[in-house]
Amino acid sequence: MDLKKLLSTVDHTLLKQTATWEEIRSIVDDGIRYQTASVCIPPSFVKRAAEYAKGQVNICTVIGFPNGYSTTETKCFETVNAIENGATEIDMVINLGLVKERNYRALSDEIDALSKLCHERGAILKVIIETCLLSEEEKIAMCHIVSASEADYIKTSTGFSTAGATFADVELMRRFCSPDQKIKAAGGISSLEDAEHFLSLGASRLGTSRVVKLVKESEQ
């Protein structure tokens, strides 16, 4: 296993509600040391983390998190604010009620609005579809919707619902997304072997708080 390559796919994540600046700073230090793809942190810490990191690691944050039912206008404000504070990657939760209603036009419009805001400002957008709350039909529909949008990634999970990423969901995404659509597996990735397997199935990003810890432990 090429650990350096594996770490380069990791969004090193700390999103717990009780996170402190000391913990966030440690996450940033780890992201810099291990050259992770980004550190994924709460919006309230983005400005401080970006100033602290000084461009040595990408700052990722979450929008409409974790439930996704904020208005599009609120998500747009959150997105611009986060980018102005120093975020270069945005992970946005979709409105799952719209999926259940099959209101695919509204979903597409929201994704397009956030994609435009991100790309105009040099950031990337990942769209969290919360697979554990969707039927297979709904997952497939979201694969098509995100693939038809300008979003950079489709992402499995927030890690705050009933389950996280599964091998089956990443396989489904790779099958039904367009060939150039990037996939992020997130939530519950608890071993280096599982992380590597998600990548082999077609994910190109991993959202996890555990992988860096495991690498640290392997160095001891």
# chains A, B, ... in the order shown; residues from 1 in each chain; ligands from 1
call {"tool": "select_by_dssp", "arguments": {"residues": "region 22-220 of chain A", "states": "helix (DSSP H, G or I)", "output": "number ranges by chain"}}
result
A: 22-34, 43-53, 72-85, 96-100, 104-120, 131-133, 136-148, 167-176, 192-201, 211-219
call {"tool": "write_last_selection", "arguments": {"atoms": "C-alpha atoms", "output": "mmCIF file, in the first residue's frame"}}
result
data_model
loop_
_atom_site.group_PDB
_atom_site.id
_atom_site.type_symbol
_atom_site.label_atom_id
_atom_site.label_comp_id
_atom_site.auth_asym_id
_atom_site.auth_seq_id
_atom_site.Cartn_x
_atom_site.Cartn_y
_atom_site.Cartn_z
ATOM 1 C CA GLU A 22 -6.970 23.356 19.593
ATOM 2 C CA GLU A 23 -8.422 20.240 17.943
ATOM 3 C CA ILE A 24 -8.898 21.999 14.605
ATOM 4 C CA ARG A 25 -5.317 23.281 14.691
ATOM 5 C CA SER A 26 -4.116 19.724 15.265
ATOM 6 C CA ILE A 27 -6.121 18.550 12.242
ATOM 7 C CA VAL A 28 -4.540 21.297 10.124
ATOM 8 C CA ASP A 29 -1.055 20.350 11.360
ATOM 9 C CA ASP A 30 -1.720 16.727 10.411
ATOM 10 C CA GLY A 31 -3.054 17.748 7.006
ATOM 11 C CA ILE A 32 0.119 19.715 6.320
ATOM 12 C CA ARG A 33 2.430 17.014 7.664
ATOM 13 C CA TYR A 34 0.796 14.151 5.782
ATOM 14 C CA PRO A 43 -17.425 26.837 8.784
ATOM 15 C CA SER A 44 -16.832 28.779 11.999
ATOM 16 C CA PHE A 45 -13.166 27.732 11.984
ATOM 17 C CA VAL A 46 -12.427 28.332 8.291
ATOM 18 C CA LYS A 47 -10.989 31.849 8.554
ATOM 19 C CA ARG A 48 -8.717 31.038 11.470
ATOM 20 C CA ALA A 49 -7.604 27.736 9.932
ATOM 21 C CA ALA A 50 -6.867 29.334 6.558
ATOM 22 C CA GLU A 51 -4.764 32.038 8.194
ATOM 23 C CA TYR A 52 -2.951 29.409 10.241
ATOM 24 C CA ALA A 53 -2.339 27.030 7.310
ATOM 25 C CA THR A 72 -30.820 27.678 -1.607
ATOM 26 C CA GLU A 73 -30.296 31.349 -0.756
ATOM 27 C CA THR A 74 -28.898 30.381 2.658
ATOM 28 C CA LYS A 75 -26.582 27.802 1.102
ATOM 29 C CA CYS A 76 -25.389 30.394 -1.399
ATOM 30 C CA PHE A 77 -24.609 32.872 1.395
ATOM 31 C CA GLU A 78 -22.806 30.171 3.403
ATOM 32 C CA THR A 79 -20.777 29.208 0.344
ATOM 33 C CA VAL A 80 -19.626 32.732 -0.519
ATOM 34 C CA ASN A 81 -18.854 33.465 3.124
ATOM 35 C CA ALA A 82 -16.796 30.286 3.467
ATOM 36 C CA ILE A 83 -14.799 30.993 0.329
ATOM 37 C CA GLU A 84 -14.192 34.612 1.365
ATOM 38 C CA ASN A 85 -12.897 33.242 4.679
ATOM 39 C CA LEU A 96 -33.410 15.238 0.543
ATOM 40 C CA GLY A 97 -37.089 16.173 0.651
ATOM 41 C CA LEU A 98 -36.765 17.338 -2.950
ATOM 42 C CA VAL A 99 -35.384 13.926 -3.881
ATOM 43 C CA LYS A 100 -38.353 12.203 -2.222
ATOM 44 C CA TYR A 104 -35.193 17.090 -9.811
ATOM 45 C CA ARG A 105 -35.377 20.535 -11.436
ATOM 46 C CA ALA A 106 -35.074 22.273 -8.066
ATOM 47 C CA LEU A 107 -32.168 20.009 -7.109
ATOM 48 C CA SER A 108 -30.396 20.737 -10.384
ATOM 49 C CA ASP A 109 -30.958 24.461 -10.006
ATOM 50 C CA GLU A 110 -29.482 24.467 -6.501
ATOM 51 C CA ILE A 111 -26.413 22.452 -7.523
ATOM 52 C CA ASP A 112 -25.874 24.705 -10.541
ATOM 53 C CA ALA A 113 -26.162 27.847 -8.400
ATOM 54 C CA LEU A 114 -23.552 26.640 -5.922
ATOM 55 C CA SER A 115 -21.277 25.292 -8.659
ATOM 56 C CA LYS A 116 -21.279 28.702 -10.320
ATOM 57 C CA LEU A 117 -20.452 30.500 -7.079
ATOM 58 C CA CYS A 118 -17.625 28.073 -6.314
ATOM 59 C CA HIS A 119 -16.048 28.062 -9.750
ATOM 60 C CA GLU A 120 -16.197 31.852 -10.107
ATOM 61 C CA THR A 131 -27.008 7.571 0.381
ATOM 62 C CA CYS A 132 -28.255 5.852 3.555
ATOM 63 C CA LEU A 133 -31.519 7.810 3.310
ATOM 64 C CA GLU A 136 -31.560 2.690 -5.120
ATOM 65 C CA GLU A 137 -33.775 4.495 -7.623
ATOM 66 C CA GLU A 138 -33.137 7.792 -5.855
ATOM 67 C CA LYS A 139 -29.386 7.192 -5.732
ATOM 68 C CA ILE A 140 -29.341 6.515 -9.461
ATOM 69 C CA ALA A 141 -31.365 9.673 -10.119
ATOM 70 C CA MET A 142 -28.851 11.714 -8.119
ATOM 71 C CA CYS A 143 -25.961 10.156 -10.030
ATOM 72 C CA HIS A 144 -27.545 11.420 -13.244
ATOM 73 C CA ILE A 145 -28.354 14.866 -11.824
ATOM 74 C CA VAL A 146 -24.871 15.494 -10.406
ATOM 75 C CA SER A 147 -23.199 14.137 -13.557
ATOM 76 C CA ALA A 148 -25.241 16.584 -15.659
ATOM 77 C CA PHE A 167 -18.756 -0.396 -1.088
ATOM 78 C CA ALA A 168 -22.085 -1.044 -2.818
ATOM 79 C CA ASP A 169 -22.915 2.660 -2.998
ATOM 80 C CA VAL A 170 -19.569 3.588 -4.500
ATOM 81 C CA GLU A 171 -19.943 0.777 -7.033
ATOM 82 C CA LEU A 172 -23.404 2.110 -7.901
ATOM 83 C CA MET A 173 -22.071 5.650 -8.267
ATOM 84 C CA ARG A 174 -19.284 4.535 -10.552
ATOM 85 C CA ARG A 175 -21.771 2.589 -12.671
ATOM 86 C CA PHE A 176 -24.386 5.327 -13.049
ATOM 87 C CA LEU A 192 -6.537 1.433 5.620
ATOM 88 C CA GLU A 193 -7.703 -1.668 3.742
ATOM 89 C CA ASP A 194 -11.240 -0.294 3.423
ATOM 90 C CA ALA A 195 -9.884 3.077 2.322
ATOM 91 C CA GLU A 196 -7.825 1.427 -0.390
ATOM 92 C CA HIS A 197 -10.819 -0.662 -1.496
ATOM 93 C CA PHE A 198 -13.025 2.422 -1.855
ATOM 94 C CA LEU A 199 -10.391 3.886 -4.175
ATOM 95 C CA SER A 200 -10.223 0.678 -6.189
ATOM 96 C CA LEU A 201 -14.005 0.843 -6.684
ATOM 97 C CA VAL A 211 -6.967 7.242 8.160
ATOM 98 C CA VAL A 212 -4.381 9.759 9.380
ATOM 99 C CA LYS A 213 -4.677 8.333 12.907
ATOM 100 C CA LEU A 214 -4.027 4.850 11.549
ATOM 101 C CA VAL A 215 -0.971 6.046 9.636
ATOM 102 C CA LYS A 216 0.324 7.728 12.791
ATOM 103 C CA GLU A 217 -0.150 4.518 14.737
ATOM 104 C CA SER A 218 1.712 2.544 12.069
ATOM 105 C CA GLU A 219 4.713 4.873 12.499
#
call {"tool": "select_by_dssp", "arguments": {"residues": "region 11-127 of chain A", "states": "strand (DSSP E)", "output": "PyMOL selection string"}}
result
chain A and resi 11-13+38-41+59-63+89-93+124-127
call {"tool": "write_last_selection", "arguments": {"atoms": "N, CA and C atoms", "output": "PDB file, in the first residue's frame"}}
result
ATOM      1  N   ASP A  11      -9.673  13.756   2.651  1.00  0.00           N
ATOM      2  CA  ASP A  11     -10.126  14.990   3.275  1.00  0.00           C
ATOM      3  C   ASP A  11     -10.130  14.697   4.776  1.00  0.00           C
ATOM      4  N   HIS A  12      -9.078  15.125   5.447  1.00  0.00           N
ATOM      5  CA  HIS A  12      -8.886  14.834   6.876  1.00  0.00           C
ATOM      6  C   HIS A  12      -9.922  15.639   7.662  1.00  0.00           C
ATOM      7  N   THR A  13     -10.838  14.945   8.334  1.00  0.00           N
ATOM      8  CA  THR A  13     -12.100  15.549   8.751  1.00  0.00           C
ATOM      9  C   THR A  13     -12.276  15.624  10.264  1.00  0.00           C
ATOM     10  N   SER A  38      -7.142  17.702   1.702  1.00  0.00           N
ATOM     11  CA  SER A  38      -7.664  18.878   2.394  1.00  0.00           C
ATOM     12  C   SER A  38      -7.866  18.529   3.862  1.00  0.00           C
ATOM     13  N   VAL A  39      -8.234  19.543   4.619  1.00  0.00           N
ATOM     14  CA  VAL A  39      -8.810  19.324   5.947  1.00  0.00           C
ATOM     15  C   VAL A  39     -10.246  19.819   5.880  1.00  0.00           C
ATOM     16  N   CYS A  40     -11.179  19.009   6.375  1.00  0.00           N
ATOM     17  CA  CYS A  40     -12.601  19.352   6.305  1.00  0.00           C
ATOM     18  C   CYS A  40     -13.076  19.706   7.703  1.00  0.00           C
ATOM     19  N   ILE A  41     -13.465  20.961   7.885  1.00  0.00           N
ATOM     20  CA  ILE A  41     -13.725  21.507   9.219  1.00  0.00           C
ATOM     21  C   ILE A  41     -15.006  22.338   9.214  1.00  0.00           C
ATOM     22  N   ILE A  59      -8.382  24.058   2.532  1.00  0.00           N
ATOM     23  CA  ILE A  59      -9.393  24.129   3.583  1.00  0.00           C
ATOM     24  C   ILE A  59     -10.754  23.810   2.956  1.00  0.00           C
ATOM     25  N   CYS A  60     -11.367  22.755   3.458  1.00  0.00           N
ATOM     26  CA  CYS A  60     -12.690  22.321   3.014  1.00  0.00           C
ATOM     27  C   CYS A  60     -13.684  22.569   4.134  1.00  0.00           C
ATOM     28  N   THR A  61     -14.899  22.955   3.782  1.00  0.00           N
ATOM     29  CA  THR A  61     -15.940  23.095   4.806  1.00  0.00           C
ATOM     30  C   THR A  61     -17.274  22.619   4.266  1.00  0.00           C
ATOM     31  N   VAL A  62     -18.274  22.601   5.153  1.00  0.00           N
ATOM     32  CA  VAL A  62     -19.571  22.007   4.822  1.00  0.00           C
ATOM     33  C   VAL A  62     -20.658  23.072   4.803  1.00  0.00           C
ATOM     34  N   ILE A  63     -21.640  22.863   3.916  1.00  0.00           N
ATOM     35  CA  ILE A  63     -22.718  23.820   3.695  1.00  0.00           C
ATOM     36  C   ILE A  63     -24.055  23.089   3.799  1.00  0.00           C
ATOM     37  N   GLU A  89     -12.632  24.373  -0.888  1.00  0.00           N
ATOM     38  CA  GLU A  89     -13.474  23.225  -1.225  1.00  0.00           C
ATOM     39  C   GLU A  89     -14.751  23.306  -0.395  1.00  0.00           C
ATOM     40  N   ILE A  90     -15.877  23.067  -1.053  1.00  0.00           N
ATOM     41  CA  ILE A  90     -17.190  23.169  -0.426  1.00  0.00           C
ATOM     42  C   ILE A  90     -17.924  21.835  -0.571  1.00  0.00           C
ATOM     43  N   ASP A  91     -18.366  21.276   0.571  1.00  0.00           N
ATOM     44  CA  ASP A  91     -19.164  20.046   0.564  1.00  0.00           C
ATOM     45  C   ASP A  91     -20.589  20.417   0.984  1.00  0.00           C
ATOM     46  N   MET A  92     -21.530  20.319   0.047  1.00  0.00           N
ATOM     47  CA  MET A  92     -22.904  20.777   0.265  1.00  0.00           C
ATOM     48  C   MET A  92     -23.873  19.606   0.333  1.00  0.00           C
ATOM     49  N   VAL A  93     -24.756  19.639   1.336  1.00  0.00           N
ATOM     50  CA  VAL A  93     -25.778  18.599   1.470  1.00  0.00           C
ATOM     51  C   VAL A  93     -27.014  18.991   0.656  1.00  0.00           C
ATOM     52  N   ILE A 124     -13.932  24.336  -5.415  1.00  0.00           N
ATOM     53  CA  ILE A 124     -14.614  23.188  -5.994  1.00  0.00           C
ATOM     54  C   ILE A 124     -15.812  22.816  -5.124  1.00  0.00           C
ATOM     55  N   LEU A 125     -16.785  22.138  -5.754  1.00  0.00           N
ATOM     56  CA  LEU A 125     -18.018  21.761  -5.066  1.00  0.00           C
ATOM     57  C   LEU A 125     -18.181  20.248  -5.050  1.00  0.00           C
ATOM     58  N   LYS A 126     -18.460  19.718  -3.857  1.00  0.00           N
ATOM     59  CA  LYS A 126     -18.814  18.317  -3.695  1.00  0.00           C
ATOM     60  C   LYS A 126     -20.264  18.257  -3.214  1.00  0.00           C
ATOM     61  N   VAL A 127     -21.052  17.395  -3.811  1.00  0.00           N
ATOM     62  CA  VAL A 127     -22.483  17.311  -3.530  1.00  0.00           C
ATOM     63  C   VAL A 127     -22.760  16.057  -2.708  1.00  0.00           C
TER      64      VAL A 127
END
call {"tool": "closest_residue", "arguments": {"among": "A:Pro66, A:Gly187, A:Gly202, A:Gly122", "to": "Pro42 (chain A)", "atoms": "only C-alpha atoms"}}
result
A:Pro66
call {"tool": "residues_around", "arguments": {"residues": "Thr156 (chain A)", "least_positions_apart": "4", "cutoff": "6 Å", "atoms": "only C-alpha atoms", "output": "VMD selection string"}}
result
chain A and resid 128 to 131 165 185 to 186
call {"tool": "write_last_selection", "arguments": {"atoms": "C-alpha atoms", "output": "PDB file, in the first residue's frame"}}
result
ATOM      1  CA  ILE A 128     -23.466  15.128  -0.553  1.00  0.00           C
ATOM      2  CA  ILE A 129     -26.468  12.932  -1.384  1.00  0.00           C
ATOM      3  CA  GLU A 130     -26.691  11.009   1.958  1.00  0.00           C
ATOM      4  CA  THR A 131     -27.008   7.571   0.381  1.00  0.00           C
ATOM      5  CA  ALA A 165     -20.143   5.078   2.818  1.00  0.00           C
ATOM      6  CA  ALA A 185     -16.672   8.216  -0.169  1.00  0.00           C
ATOM      7  CA  ALA A 186     -17.202   9.509   3.362  1.00  0.00           C
TER       8      ALA A 186
END
call {"tool": "atom_distance", "arguments": {"atom1": "CA of Lys155 (chain A)", "atom2": "CA of Ser209 (chain A)"}}
result
15.7 Å
call {"tool": "atom_distance", "arguments": {"atom1": "CA of Lys4 (chain A)", "atom2": "CA of Ser204 (chain A)"}}
result
14.1 Å
call {"tool": "closest_residue", "arguments": {"among": "A:Leu14, A:Arg121, A:Thr208, A:Thr158", "to": "Gly68 (chain A)", "atoms": "only C-alpha atoms"}}
result
A:Thr158
call {"tool": "closest_residue", "arguments": {"among": "A:Gln181, A:Thr88, A:Gln35, A:Asn67", "to": "Thr9 (chain A)", "atoms": "only C-alpha atoms"}}
result
A:Gln35
call {"tool": "closest_residue", "arguments": {"among": "A:Lys54, A:Lys16, A:Arg102, A:Arg210", "to": "Gly188 (chain A)", "atoms": "only C-alpha atoms"}}
result
A:Arg210
call {"tool": "atom_distance", "arguments": {"atom1": "CA of Thr71 (chain A)", "atom2": "CA of Asn95 (chain A)"}}
result
8.7 Å
